[in-house]
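Here is the file model_31.txt (compact mmCIF, C-alpha atoms).
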```txt
# COMPACT_ATOMS: atom_id res chain seq x y z
CA MET A 1 40.82 -50.81 -81.95
CA SER A 2 39.74 -48.02 -79.56
CA ARG A 3 41.64 -44.77 -79.81
CA THR A 4 43.51 -43.26 -76.86
CA ILE A 5 41.32 -40.54 -75.35
CA ILE A 6 43.56 -39.57 -72.40
CA GLN A 7 47.37 -39.61 -72.52
CA VAL A 8 49.28 -38.77 -69.32
CA GLU A 9 53.07 -38.44 -69.66
CA HIS A 10 55.50 -38.04 -66.72
CA LEU A 11 52.99 -36.01 -64.70
CA SER A 12 54.14 -34.42 -61.43
CA LYS A 13 52.49 -31.94 -59.09
CA ALA A 14 54.31 -30.10 -56.28
CA TYR A 15 52.80 -27.91 -53.59
CA ARG A 16 54.83 -25.47 -51.56
CA VAL A 17 54.35 -26.21 -47.88
CA GLY A 18 53.73 -23.07 -45.86
CA VAL A 19 56.64 -21.89 -43.74
CA GLU A 20 55.95 -19.76 -40.69
CA GLU A 21 57.09 -16.22 -41.32
CA ARG A 22 59.33 -14.65 -38.69
CA LYS A 23 57.38 -12.02 -36.80
CA ALA A 24 58.77 -8.58 -36.14
CA ASP A 25 59.92 -7.77 -32.60
CA THR A 26 59.12 -4.07 -32.75
CA LEU A 27 56.23 -1.89 -33.87
CA ALA A 28 58.42 -0.34 -36.60
CA GLY A 29 59.34 -3.84 -37.84
CA ALA A 30 55.69 -4.89 -37.96
CA PHE A 31 54.83 -1.75 -39.93
CA TRP A 32 57.64 -2.46 -42.41
CA GLN A 33 56.47 -6.09 -42.83
CA ALA A 34 52.92 -4.91 -43.60
CA LEU A 35 54.21 -2.33 -46.07
CA THR A 36 56.41 -4.80 -47.98
CA ALA A 37 53.91 -7.74 -47.89
CA PRO A 38 52.57 -7.19 -51.48
CA VAL A 39 56.11 -7.32 -52.89
CA ARG A 40 56.94 -10.51 -50.96
CA ASN A 41 53.68 -12.17 -52.01
CA PHE A 42 54.31 -11.30 -55.67
CA ARG A 43 57.85 -12.70 -55.45
CA ASN A 44 56.59 -15.95 -53.84
CA LEU A 45 53.91 -16.31 -56.52
CA ARG A 46 56.46 -15.80 -59.32
CA ASN A 47 58.76 -18.43 -57.78
CA LEU A 48 56.07 -21.09 -57.31
CA ARG A 49 57.05 -22.91 -60.51
CA ASN A 50 60.79 -22.60 -59.86
CA VAL A 51 61.07 -25.84 -57.93
CA SER A 52 64.13 -27.88 -57.01
CA GLU A 53 64.33 -31.56 -56.02
CA ASP A 54 65.72 -31.03 -52.53
CA GLU A 55 63.70 -28.03 -51.44
CA GLU A 56 62.26 -28.78 -48.01
CA THR A 57 59.19 -26.60 -48.50
CA LEU A 58 57.93 -28.76 -51.40
CA PHE A 59 55.42 -31.59 -51.15
CA TRP A 60 55.07 -33.78 -54.26
CA ALA A 61 51.43 -34.89 -54.47
CA LEU A 62 52.19 -36.68 -57.78
CA ARG A 63 55.54 -37.89 -59.08
CA ASP A 64 56.26 -39.06 -62.64
CA VAL A 65 52.81 -40.56 -63.34
CA SER A 66 52.25 -41.96 -66.85
CA PHE A 67 49.29 -43.91 -68.26
CA GLU A 68 46.73 -43.83 -71.03
CA VAL A 69 42.99 -44.44 -71.20
CA LYS A 70 41.18 -45.84 -74.22
CA GLU A 71 37.83 -44.56 -75.48
CA GLY A 72 34.94 -46.32 -73.71
CA GLU A 73 37.15 -47.65 -70.91
CA VAL A 74 36.09 -47.53 -67.25
CA LEU A 75 39.25 -46.90 -65.22
CA GLY A 76 39.30 -47.24 -61.44
CA ILE A 77 41.80 -45.29 -59.33
CA ILE A 78 42.42 -46.56 -55.78
CA GLY A 79 44.81 -45.80 -52.94
CA HIS A 80 45.04 -44.56 -49.37
CA ASN A 81 43.96 -41.05 -48.39
CA GLY A 82 46.72 -38.67 -49.50
CA ALA A 83 47.93 -40.99 -52.29
CA GLY A 84 47.34 -38.29 -54.95
CA LYS A 85 44.02 -39.51 -56.41
CA SER A 86 42.09 -36.25 -56.08
CA THR A 87 45.09 -34.20 -57.27
CA LEU A 88 45.26 -36.34 -60.42
CA LEU A 89 41.56 -35.84 -61.13
CA LYS A 90 41.83 -32.08 -60.58
CA ILE A 91 44.63 -31.89 -63.13
CA LEU A 92 42.66 -34.03 -65.61
CA SER A 93 39.64 -31.75 -65.06
CA ARG A 94 41.84 -28.66 -65.67
CA ILE A 95 41.10 -27.29 -62.18
CA THR A 96 44.81 -27.10 -61.40
CA GLU A 97 47.94 -27.22 -63.54
CA PRO A 98 50.73 -29.81 -63.32
CA THR A 99 54.20 -28.82 -62.16
CA GLU A 100 55.82 -31.15 -64.70
CA GLY A 101 54.64 -33.45 -67.48
CA ARG A 102 51.95 -33.33 -70.12
CA ILE A 103 48.31 -34.40 -70.54
CA THR A 104 46.50 -34.86 -73.85
CA ILE A 105 42.70 -35.18 -73.70
CA HIS A 106 40.40 -35.75 -76.68
CA GLY A 107 36.85 -34.91 -75.66
CA ARG A 108 34.66 -32.97 -73.28
CA VAL A 109 35.28 -33.67 -69.57
CA SER A 110 32.51 -33.56 -66.96
CA SER A 111 33.74 -33.82 -63.35
CA LEU A 112 32.27 -34.48 -59.94
CA LEU A 113 35.14 -34.04 -57.49
CA GLU A 114 33.89 -32.35 -54.33
CA VAL A 115 30.45 -31.44 -53.02
CA GLY A 116 29.44 -28.20 -54.71
CA THR A 117 32.41 -28.00 -57.09
CA GLY A 118 31.37 -26.02 -60.16
CA PHE A 119 28.17 -24.71 -58.56
CA HIS A 120 27.51 -21.04 -57.79
CA PRO A 121 25.90 -20.93 -54.32
CA ASP A 122 23.71 -17.90 -55.09
CA LEU A 123 22.21 -19.44 -58.24
CA THR A 124 19.30 -21.88 -58.14
CA GLY A 125 19.66 -25.53 -59.02
CA ARG A 126 18.07 -24.89 -62.42
CA GLU A 127 20.40 -21.96 -63.15
CA ASN A 128 23.43 -24.05 -62.15
CA ILE A 129 22.39 -26.76 -64.62
CA TYR A 130 22.47 -24.19 -67.44
CA MET A 131 25.75 -22.72 -66.18
CA ASN A 132 27.43 -26.16 -66.06
CA GLY A 133 26.14 -27.01 -69.53
CA THR A 134 27.49 -23.73 -70.91
CA ILE A 135 30.91 -24.41 -69.35
CA LEU A 136 30.90 -27.78 -71.12
CA GLY A 137 30.26 -25.98 -74.41
CA MET A 138 26.62 -27.01 -74.83
CA ARG A 139 23.97 -24.87 -76.45
CA LYS A 140 20.75 -23.89 -74.66
CA LYS A 141 18.72 -26.23 -76.89
CA GLU A 142 20.87 -29.19 -75.87
CA ILE A 143 20.50 -28.35 -72.17
CA ASP A 144 16.74 -27.86 -72.58
CA SER A 145 16.41 -31.37 -74.01
CA LYS A 146 18.16 -32.86 -70.96
CA LEU A 147 16.70 -30.61 -68.24
CA GLU A 148 13.72 -32.71 -67.13
CA GLU A 149 15.79 -35.90 -67.15
CA ILE A 150 18.46 -34.25 -64.95
CA ILE A 151 15.90 -32.94 -62.46
CA ALA A 152 14.04 -36.27 -62.29
CA PHE A 153 17.24 -38.26 -61.70
CA SER A 154 18.40 -35.93 -58.92
CA GLY A 155 15.12 -36.36 -57.03
CA ILE A 156 15.09 -32.75 -55.78
CA SER A 157 12.48 -31.27 -58.13
CA ARG A 158 10.76 -29.44 -55.23
CA HIS A 159 13.95 -27.48 -54.56
CA ILE A 160 15.24 -26.99 -58.09
CA ASP A 161 14.45 -23.25 -58.00
CA THR A 162 16.03 -22.74 -54.56
CA PRO A 163 19.58 -21.26 -54.31
CA VAL A 164 22.15 -24.03 -53.98
CA LYS A 165 23.61 -22.45 -50.82
CA ARG A 166 20.46 -23.64 -49.01
CA TYR A 167 20.93 -27.27 -50.15
CA SER A 168 22.18 -29.99 -47.83
CA SER A 169 25.36 -31.82 -48.89
CA GLY A 170 23.22 -34.78 -49.98
CA MET A 171 21.00 -32.60 -52.19
CA THR A 172 24.03 -30.87 -53.69
CA VAL A 173 25.75 -34.13 -54.61
CA ARG A 174 22.52 -35.52 -56.10
CA LEU A 175 22.18 -32.55 -58.43
CA ALA A 176 25.92 -32.41 -59.16
CA PHE A 177 26.07 -36.07 -60.21
CA SER A 178 22.91 -35.76 -62.27
CA VAL A 179 24.32 -32.76 -64.15
CA ALA A 180 27.74 -34.41 -64.67
CA ALA A 181 26.27 -37.66 -65.98
CA HIS A 182 23.48 -36.32 -68.22
CA LEU A 183 25.17 -33.51 -70.15
CA ASP A 184 26.72 -35.94 -72.66
CA PRO A 185 30.43 -35.67 -71.77
CA GLU A 186 32.90 -37.84 -73.66
CA ILE A 187 34.79 -38.30 -70.35
CA LEU A 188 33.10 -38.60 -66.93
CA VAL A 189 35.34 -38.08 -63.88
CA ILE A 190 33.90 -39.14 -60.50
CA ASP A 191 35.64 -38.85 -57.12
CA GLU A 192 34.69 -40.50 -53.79
CA VAL A 193 32.10 -37.73 -53.34
CA LEU A 194 29.36 -40.34 -53.99
CA ALA A 195 29.87 -41.53 -50.42
CA VAL A 196 27.82 -38.48 -49.33
CA GLY A 197 24.64 -39.83 -50.91
CA ASP A 198 22.31 -42.45 -49.42
CA MET A 199 22.52 -46.13 -50.42
CA GLU A 200 19.62 -45.96 -52.88
CA PHE A 201 21.10 -42.97 -54.71
CA GLN A 202 24.56 -44.59 -54.80
CA LYS A 203 23.01 -47.57 -56.59
CA LYS A 204 21.38 -45.19 -59.08
CA CYS A 205 24.73 -43.49 -59.68
CA LEU A 206 26.59 -46.75 -60.23
CA GLY A 207 23.85 -47.87 -62.63
CA LYS A 208 24.11 -44.58 -64.52
CA MET A 209 27.91 -44.85 -64.77
CA GLU A 210 27.51 -48.37 -66.13
CA SER A 211 25.01 -47.04 -68.69
CA VAL A 212 27.38 -44.20 -69.67
CA ALA A 213 30.21 -46.70 -70.18
CA LYS A 214 28.02 -48.93 -72.37
CA GLN A 215 27.35 -45.92 -74.60
CA GLY A 216 31.08 -45.88 -75.40
CA ARG A 217 31.99 -42.95 -73.17
CA THR A 218 35.02 -43.00 -70.85
CA VAL A 219 34.71 -43.07 -67.05
CA LEU A 220 37.40 -42.38 -64.43
CA PHE A 221 36.20 -43.56 -61.02
CA VAL A 222 37.95 -42.97 -57.68
CA SER A 223 36.56 -44.93 -54.72
CA HIS A 224 37.46 -46.76 -51.50
CA ASN A 225 34.54 -49.15 -52.17
CA MET A 226 36.34 -52.15 -53.68
CA THR A 227 33.05 -53.86 -54.57
CA ALA A 228 31.91 -50.87 -56.64
CA VAL A 229 35.33 -50.63 -58.34
CA SER A 230 35.32 -54.37 -59.02
CA ASN A 231 31.82 -54.33 -60.53
CA LEU A 232 32.28 -51.18 -62.60
CA CYS A 233 35.91 -50.98 -63.76
CA SER A 234 37.73 -52.97 -66.44
CA ARG A 235 41.16 -51.74 -65.28
CA VAL A 236 42.53 -50.23 -62.06
CA ILE A 237 45.46 -47.95 -61.17
CA TRP A 238 46.80 -48.12 -57.60
CA LEU A 239 48.37 -44.85 -56.46
CA SER A 240 50.66 -44.68 -53.44
CA LYS A 241 52.54 -41.58 -52.25
CA GLY A 242 51.94 -39.88 -55.59
CA CYS A 243 53.28 -42.73 -57.74
CA ILE A 244 51.64 -45.58 -59.65
CA LEU A 245 52.28 -48.73 -57.65
CA LYS A 246 50.37 -51.01 -60.01
CA ASN A 247 48.38 -50.64 -63.25
CA GLY A 248 46.50 -53.69 -64.49
CA SER A 249 43.40 -55.87 -64.39
CA THR A 250 40.81 -55.03 -61.74
CA SER A 251 40.97 -58.34 -59.85
CA SER A 252 44.79 -58.43 -59.76
CA VAL A 253 45.27 -54.84 -58.56
CA ILE A 254 42.49 -54.99 -55.96
CA SER A 255 43.87 -58.27 -54.59
CA ASP A 256 47.36 -56.76 -54.20
CA TYR A 257 45.92 -53.54 -52.74
CA ILE A 258 44.00 -55.41 -50.05
CA LYS A 259 47.10 -57.42 -49.12
CA GLY A 260 49.08 -54.17 -49.02
CA VAL A 261 46.47 -52.49 -46.80
CA SER A 262 46.64 -55.41 -44.41
CA GLY A 263 50.46 -55.41 -44.29
CA ASP A 264 51.66 -57.79 -41.59
CA ALA A 265 48.06 -58.69 -40.74
CA TYR A 266 48.20 -61.69 -43.08
CA SER A 267 48.39 -63.89 -40.00
CA SER A 268 46.33 -65.43 -37.18
CA VAL A 269 48.46 -63.60 -34.56
CA TRP A 270 48.98 -59.85 -34.06
CA ARG A 271 51.53 -58.42 -31.62
CA ALA A 272 52.43 -54.85 -30.76
CA SER A 273 55.99 -54.05 -31.82
CA GLN A 274 56.54 -51.73 -28.86
CA MET A 275 54.89 -50.32 -25.74
CA LEU A 276 52.46 -47.55 -26.61
CA ASP A 277 51.85 -44.27 -24.85
CA LYS A 278 48.11 -44.94 -24.44
CA LYS A 279 45.82 -45.45 -21.47
CA ILE A 280 44.63 -48.75 -22.93
CA TYR A 281 46.08 -50.70 -25.85
CA PHE A 282 46.29 -54.20 -27.33
CA LYS A 283 49.59 -56.01 -26.75
CA GLU A 284 48.53 -59.19 -28.52
CA VAL A 285 45.56 -60.67 -30.36
CA LYS A 286 45.63 -64.37 -31.17
CA LEU A 287 43.15 -66.58 -33.00
CA LEU A 288 43.13 -70.15 -31.60
CA THR A 289 42.68 -72.63 -34.45
CA HIS A 290 44.01 -76.08 -35.32
CA SER A 291 45.63 -74.88 -38.57
CA GLY A 292 46.91 -71.32 -38.12
CA ASP A 293 44.86 -69.00 -40.31
CA ILE A 294 42.94 -71.86 -42.02
CA VAL A 295 39.41 -72.16 -40.61
CA LYS A 296 36.70 -74.77 -41.15
CA MET A 297 33.10 -73.78 -41.86
CA GLY A 298 31.09 -74.00 -38.63
CA GLU A 299 34.21 -73.98 -36.44
CA ASP A 300 34.26 -71.85 -33.27
CA LEU A 301 36.58 -68.83 -33.54
CA THR A 302 38.24 -68.02 -30.21
CA PHE A 303 40.33 -64.88 -29.81
CA ASN A 304 42.74 -64.45 -26.91
CA LEU A 305 43.41 -60.77 -26.22
CA LEU A 306 46.19 -59.29 -24.12
CA VAL A 307 45.24 -55.72 -23.15
CA SER A 308 47.53 -53.32 -21.27
CA SER A 309 46.02 -50.53 -19.17
CA ILE A 310 47.15 -47.80 -16.79
CA ILE A 311 43.59 -47.34 -15.43
CA GLU A 312 40.90 -49.54 -13.89
CA SER A 313 37.44 -49.81 -15.43
CA SER A 314 34.29 -51.91 -15.23
CA SER A 315 32.70 -50.43 -18.38
CA PHE A 316 35.43 -51.30 -20.85
CA GLN A 317 34.36 -52.59 -24.30
CA ILE A 318 35.99 -54.65 -27.01
CA CYS A 319 34.62 -54.30 -30.53
CA ILE A 320 35.21 -56.91 -33.25
CA GLN A 321 34.55 -56.07 -36.91
CA LEU A 322 34.54 -58.63 -39.73
CA PHE A 323 35.44 -57.71 -43.35
CA ASP A 324 35.33 -59.72 -46.56
CA SER A 325 38.16 -59.89 -49.11
CA ASN A 326 36.97 -56.63 -50.72
CA LEU A 327 37.13 -54.88 -47.33
CA ASN A 328 33.34 -54.64 -47.07
CA ARG A 329 32.24 -54.76 -43.44
CA LEU A 330 30.04 -57.79 -42.76
CA THR A 331 29.29 -57.31 -39.07
CA THR A 332 30.24 -55.47 -35.86
CA LEU A 333 30.16 -57.19 -32.46
CA TYR A 334 30.54 -55.75 -28.94
CA ASN A 335 31.07 -57.90 -25.84
CA THR A 336 28.41 -55.91 -23.98
CA ASP A 337 25.77 -56.86 -26.60
CA PHE A 338 25.87 -60.37 -25.08
CA ASN A 339 26.06 -59.35 -21.39
CA ILE A 340 29.79 -60.13 -21.38
CA ASN A 341 31.49 -57.62 -19.08
CA PHE A 342 35.22 -57.17 -18.66
CA ASN A 343 36.74 -55.83 -15.44
CA LEU A 344 39.85 -53.94 -16.58
CA LEU A 345 42.72 -53.73 -14.08
CA THR A 346 46.00 -51.82 -14.26
CA GLY A 347 48.77 -53.72 -16.02
CA ASP A 348 48.21 -56.62 -18.43
CA ASN A 349 44.72 -58.13 -18.77
CA LYS A 350 43.88 -61.40 -20.54
CA PHE A 351 40.46 -61.77 -22.15
CA SER A 352 38.90 -64.37 -24.39
CA LEU A 353 36.02 -64.01 -26.86
CA THR A 354 34.51 -66.80 -28.97
CA ILE A 355 32.34 -66.56 -32.08
CA LEU A 356 30.24 -69.73 -31.92
CA ASN A 357 29.80 -71.94 -35.01
CA ASN A 358 30.98 -69.38 -37.57
CA ASN A 359 28.66 -69.37 -40.58
CA LEU A 360 31.16 -68.00 -43.09
CA LEU A 361 31.25 -69.41 -46.60
CA PRO A 362 34.65 -70.18 -48.18
CA GLY A 363 36.78 -67.10 -48.80
CA GLU A 364 39.27 -64.73 -47.19
CA TYR A 365 38.27 -62.53 -44.25
CA TYR A 366 39.80 -59.95 -41.88
CA PHE A 367 39.02 -59.04 -38.28
CA SER A 368 39.59 -55.59 -36.75
CA PHE A 369 39.61 -54.91 -33.01
CA SER A 370 38.91 -51.76 -30.98
CA ALA A 371 39.26 -50.96 -27.28
CA MET A 372 36.69 -48.35 -26.28
CA TYR A 373 34.04 -46.91 -24.01
CA ASN A 374 30.35 -46.45 -24.78
CA TYR A 375 30.21 -47.84 -28.34
CA GLY A 376 32.98 -45.65 -29.69
CA ALA A 377 32.37 -42.44 -27.73
CA GLU A 378 36.00 -42.83 -26.62
CA ILE A 379 38.35 -45.13 -28.56
CA PHE A 380 41.67 -46.02 -26.91
CA ASP A 381 43.16 -48.37 -29.50
CA HIS A 382 42.20 -49.74 -32.91
CA LEU A 383 43.78 -52.59 -34.88
CA GLU A 384 42.86 -52.37 -38.56
CA LYS A 385 42.59 -55.82 -40.25
CA ALA A 386 44.66 -57.40 -37.50
CA ILE A 387 43.68 -61.04 -38.03
CA TYR A 388 43.36 -62.86 -41.36
CA ILE A 389 41.52 -66.14 -41.91
CA LYS A 390 40.85 -68.34 -44.90
CA VAL A 391 37.69 -70.48 -44.82
CA LEU A 392 37.87 -73.64 -46.92
CA PRO A 393 34.97 -75.37 -48.76
CA GLU A 394 33.34 -78.18 -46.80
CA ASP A 395 30.31 -80.48 -46.73
CA VAL A 396 28.83 -78.93 -43.58
CA THR A 397 25.27 -80.06 -44.42
CA GLU A 398 26.41 -83.71 -44.67
CA THR A 399 24.52 -84.13 -47.93
CA GLY A 400 27.51 -84.61 -50.19
CA ILE A 401 27.21 -80.98 -51.38
CA THR A 402 30.31 -78.85 -50.81
CA LEU A 403 29.37 -75.22 -50.23
CA ASN A 404 31.69 -72.67 -51.86
CA GLY A 405 32.25 -68.92 -51.96
CA ASP A 406 30.15 -68.45 -55.10
CA ARG A 407 27.08 -68.37 -52.83
CA GLY A 408 28.16 -65.22 -50.99
CA ASN A 409 29.73 -64.70 -47.57
CA ILE A 410 27.46 -66.47 -45.06
CA TRP A 411 25.25 -69.56 -44.84
CA PHE A 412 22.44 -70.71 -42.51
CA ARG A 413 20.90 -74.06 -41.69
CA LEU A 414 17.37 -74.63 -42.94
CA LYS A 415 14.76 -76.79 -41.22
```
Take the structure I supplied and represent it as C-alpha cells, if you would.
Amino acid sequence: MSRTIIQVEHLSKAYRVGVEERKADTLAGAFWQALTAPVRNFRNLRNLRNVSEDEETLFWALRDVSFEVKEGEVLGIIGHNGAGKSTLLKILSRITEPTEGRITIHGRVSSLLEVGTGFHPDLTGRENIYMNGTILGMRKKEIDSKLEEIIAFSGISRHIDTPVKRYSSGMTVRLAFSVAAHLDPEILVIDEVLAVGDMEFQKKCLGKMESVAKQGRTVLFVSHNMTAVSNLCSRVIWLSKGCILKNGSTSSVISDYIKGVSGDAYSSVWRASQMLDKKIYFKEVKLLTHSGDIVKMGEDLTFNLLVSSIIESSSFQICIQLFDSNLNRLTTLYNTDFNINFNLLTGDNKFSLTILNNNLLPGEYYFSFSAMYNYGAEIFDHLEKAIYIKVLPEDVTETGITLNGDRGNIWFRLK
C-alpha cells in the first residue's frame, strides 16, 4: 500500500483586505501621519496573524481544507477562478504560510505556479537552472547530468545564455516547466500556467507529467481543461469559495463540476430573471425540439432568440458556441458568416437561427450565446452554457449500425 506523501489538516488561509486610510485635512496632520507611518506599519504587521471570525477586513481564501495524497498519485484540483486553488498550491510549495491548520510533506517539491516564479530575471536561463536545482537541494553533478535534457525539452537552446528578463512569457514557461519536471522532485506541482504555452508544447508537458507519474512520483495538477484533467488524474478535488466541495473519482467530480458550472442551464430554454441595465441583452433563448432537451442525430436545431435593445443597429451579431460535456469548445458560429443579417430595433426583437442537420454523435452538449459587434470587438451580453442538449444513439446511416459517443463528437456521411 502506498504511503501518504502529503497530509493536509484543517488548512485555512486569511488575507487582510486593505482599508482606505483616512487622509489628514491639514499640512501638520499629513506630516504627523508620515512621521508615525513606520510604527503603524509595524503594528499592522504584528497583528496580521491575530485574526477573528467576524472581522470585516478579512478574506478567507481557504477554509478548513483537509485531504491526503498518496505516493505516485496524480491529483487534479479544479474550481472557478478565485476558488482558492493557487493559494493552496502556494502553501504546499512553502511560498506562503497558512493562517490555521497543518501540512506534512514527505519529499522534495518542485513547483510551476506562475510565469517566472522562482527565476531571477538578471540571470541567464542556464544560471537559473542551476539556481533552481540548488534550491531543491541538488548537487552540481546531479544538475550537470540533467542540463542537456532540460535545455532540449524547453526548445530554447539558442537563448539559454540570455537573461530571463528578455524572454517572452512563452519562453519563460517552457524553461520553467522543463526545470520543474526534470530535476527529479518527489512531488511536482503544476498550476494553470501551462495555458501560456502553444498546443504542441502543452502536449509535451502533459506527456512528461504522465511519464513522471509512471515513475512513481506524485503530481498535483490545477487546470480548467477538463479533458487534460480527465486523461491525467486518478482523483480530483473540487474547490469552491475556499472549501472542498467534492473529493473523489475523476469522472464523478468532473461530471458534478460541469453540472454545477451550468447551473440552471440544464434545460432547452433560458430566460432572463430580470431586466438588465444593458444596451442590448437576451431576454429569452429557446431551442425548438420535439422532446425538450433530447435531440436526434441529424435533426435541425432551431433557436428562437428574444433580444431587448435600447438602440437601433444594422451590424448586430449573434455568436453561438458549442461545447462538449468536458466544456471543450467544438465550434463558433456567427450569423454574418452565412450572410444572415439582423436589423436590430429598439425594444424587443425576435430572431431565429437554425443549425441544419446537426452532425453530433451521442453525448451531452452545451450552447453559449453572445450579442456583439464586429466579432467580439464590443460584447453587449453573453450567456455561458445557456442551452443543454442530449443527443441519443441512432441508426442514421440506415445500415443497422447504431452510432454512439465512443466515436467522438461529430460524424459525416461518406460517399
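By chain and then residue number, the residues within 8 Å of segment 176-186 of chain A are Gly107, Arg108, Val109, Ser110, Ser111, Leu112, Val115, Gly116, Ile129, Asn132, Gly133, Leu136, Ile143, Lys146, Glu149, Ile150, Ile151, Phe153, Ser154, Thr172, Cys205, Lys208, Met209, Val212, Arg217 and Thr218 of chain A, counting all atoms listed in the file and disregarding those fewer than 4 positions away in sequence.
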At most 12 Å is the cut-off: for each residue in segment 211-296 of chain A with any atom that close to an atom of segment 372-378 of chain A, write down the nearest atom pair and the distance in Å rounded to one decimal, counting only C-alpha atoms, chain first then increasing number, as a Markdown table.
```
| residue | atom | partner | partner_atom | distance |
| --- | --- | --- | --- | --- |
| A:Lys279 | CA | A:Met372 | CA | 10.7 |
| A:Ile280 | CA | A:Met372 | CA | 8.6 |
| A:Tyr281 | CA | A:Met372 | CA | 9.7 |
| A:Phe282 | CA | A:Met372 | CA | 11.3 |
```
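With all atoms listed in the file as the basis for measurement, A:Arg235 is the residue among A:Leu306, A:Arg235, A:Ser240, A:Lys350 that approaches Ser252 of chain A most closely.
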Review point. Leaving out Leu305 of chain A and any residue of its chain fewer than 2 positions from it, which residues lie within 12 Å of it when counting all atoms listed in the file, given as a PyMOL selection string?
Key: chain A and resi 269-272+281-288+302-303+307-308+318-320+342+348-354+369-371+383+386-387
Exercise for review: With a distance cut-off of 12 Å and all atoms listed in the file, select the neighbouring residues of Ser325 of chain A, excluding the residue or stretch itself and same-chain residues fewer than 6 positions from it, and output the selection as an MDAnalysis selection string.
Suggested key: chainID A and resid 225:227 230 251 254:259 261:262 266 362:367 385 388:391 405 408:409
Study note, to complete from the structure: Students should find that atom CA of Lys85 of chain A and atom CA of Tyr15 of chain A are spaced 14.8 Å
Within 8 Å of (54.4, -33.2, -52.8), all atoms listed in the file: residues as a PDB file with C-alpha atoms, in the coordinates of the input?
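Final file, result.pdb:
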```
ATOM      1  CA  LYS A  13      52.490 -31.940 -59.090  1.00  0.00           C
ATOM      2  CA  ALA A  14      54.310 -30.100 -56.280  1.00  0.00           C
ATOM      3  CA  TYR A  15      52.800 -27.910 -53.590  1.00  0.00           C
ATOM      4  CA  ARG A  16      54.830 -25.470 -51.560  1.00  0.00           C
ATOM      5  CA  LEU A  58      57.930 -28.760 -51.400  1.00  0.00           C
ATOM      6  CA  PHE A  59      55.420 -31.590 -51.150  1.00  0.00           C
ATOM      7  CA  TRP A  60      55.070 -33.780 -54.260  1.00  0.00           C
ATOM      8  CA  ALA A  61      51.430 -34.890 -54.470  1.00  0.00           C
ATOM      9  CA  LEU A  62      52.190 -36.680 -57.780  1.00  0.00           C
ATOM     10  CA  ARG A  63      55.540 -37.890 -59.080  1.00  0.00           C
ATOM     11  CA  GLY A 242      51.940 -39.880 -55.590  1.00  0.00           C
TER      12      GLY A 242
END
```
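Atom to atom, atom CA of His120 of chain A and atom CA of Pro163 of chain A stand 8.7 Å apart.
Here atom CA of Met297 of chain A and atom CA of Ile410 of chain A stand 9.8 Å from one another.
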Practice item. Write out as a PyMOL selection string the residues lying within 6 Å of segment 70-83 of chain A, counting all atoms listed in the file and excluding same-chain residues fewer than 2 positions away. Key: chain A and resi 2-5+85+213+216-222+233-242
Could you give me the axis-aligned bounding box of segment 9-16 of chain A, with 5 Å of padding per side, as centre plus edge lengths in Å to one decimal, as AutoDock Vina command-line options?
```
--center_x 54.0 --center_y -32.0 --center_z -60.6 --size_x 13.0 --size_y 23.0 --size_z 28.1
```
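Ranking A:Thr124, A:Ser314, A:Ser223, A:Asn404 by their shortest atom-to-atom distance to Ile190 of chain A, with all atoms listed in the file included, puts A:Ser223 first.
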Exercise for review: Name the residues within 9 Å of (34.3, -78.7, -46.6), counting all atoms listed in the file in the file's coordinates, and put them as a list in words.
Suggested key: Lys296, Met297, Pro362, Leu392, Pro393, Glu394, Asp395, Val396, Ile401, Thr402, Leu403 and Asn404 of chain A
Practice item. Can you pull out every residue within 12 Å of His159 of chain A, counting all atoms listed in the file, but drop anything in the same chain fewer than 6 positions away, and send it as a ChimeraX atom specification? Key: /A:124-126,151-152,165-168,171-172,174-175
Given the selection you just returned, output its residues as a file containing C-alpha atoms, formatted as a tab-separated table (two decimals), in the frame of the given file.
```
chain	number	residue	atom	x	y	z
A	124	THR	CA	19.30	-21.88	-58.14
A	125	GLY	CA	19.66	-25.53	-59.02
A	126	ARG	CA	18.07	-24.89	-62.42
A	151	ILE	CA	15.90	-32.94	-62.46
A	152	ALA	CA	14.04	-36.27	-62.29
A	165	LYS	CA	23.61	-22.45	-50.82
A	166	ARG	CA	20.46	-23.64	-49.01
A	167	TYR	CA	20.93	-27.27	-50.15
A	168	SER	CA	22.18	-29.99	-47.83
A	171	MET	CA	21.00	-32.60	-52.19
A	172	THR	CA	24.03	-30.87	-53.69
A	174	ARG	CA	22.52	-35.52	-56.10
A	175	LEU	CA	22.18	-32.55	-58.43
```
Give me segment 127-132 of chain A from this structure - N, CA, C and O atoms, as a CSV table (one decimal), in the first residue's frame.
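Okay, result23.csv is ready:
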```csv
chain,number,residue,atom,x,y,z
A,127,GLU,N,21.9,29.7,-15.9
A,127,GLU,CA,22.2,30.0,-14.5
A,127,GLU,C,20.9,29.8,-13.6
A,127,GLU,O,21.1,29.3,-12.4
A,128,ASN,N,19.7,30.1,-14.1
A,128,ASN,CA,18.5,29.8,-13.4
A,128,ASN,C,18.3,28.3,-13.2
A,128,ASN,O,17.7,27.9,-12.2
A,129,ILE,N,18.7,27.5,-14.1
A,129,ILE,CA,18.6,26.1,-14.0
A,129,ILE,C,19.4,25.6,-12.8
A,129,ILE,O,18.9,24.8,-11.9
A,130,TYR,N,20.6,26.1,-12.7
A,130,TYR,CA,21.5,25.7,-11.5
A,130,TYR,C,20.9,26.3,-10.2
A,130,TYR,O,21.0,25.6,-9.2
A,131,MET,N,20.4,27.5,-10.3
A,131,MET,CA,19.8,28.1,-9.1
A,131,MET,C,18.6,27.3,-8.6
A,131,MET,O,18.5,27.0,-7.4
A,132,ASN,N,17.7,26.9,-9.5
A,132,ASN,CA,16.6,26.1,-9.1
A,132,ASN,C,17.0,24.8,-8.5
A,132,ASN,O,16.4,24.3,-7.6
```
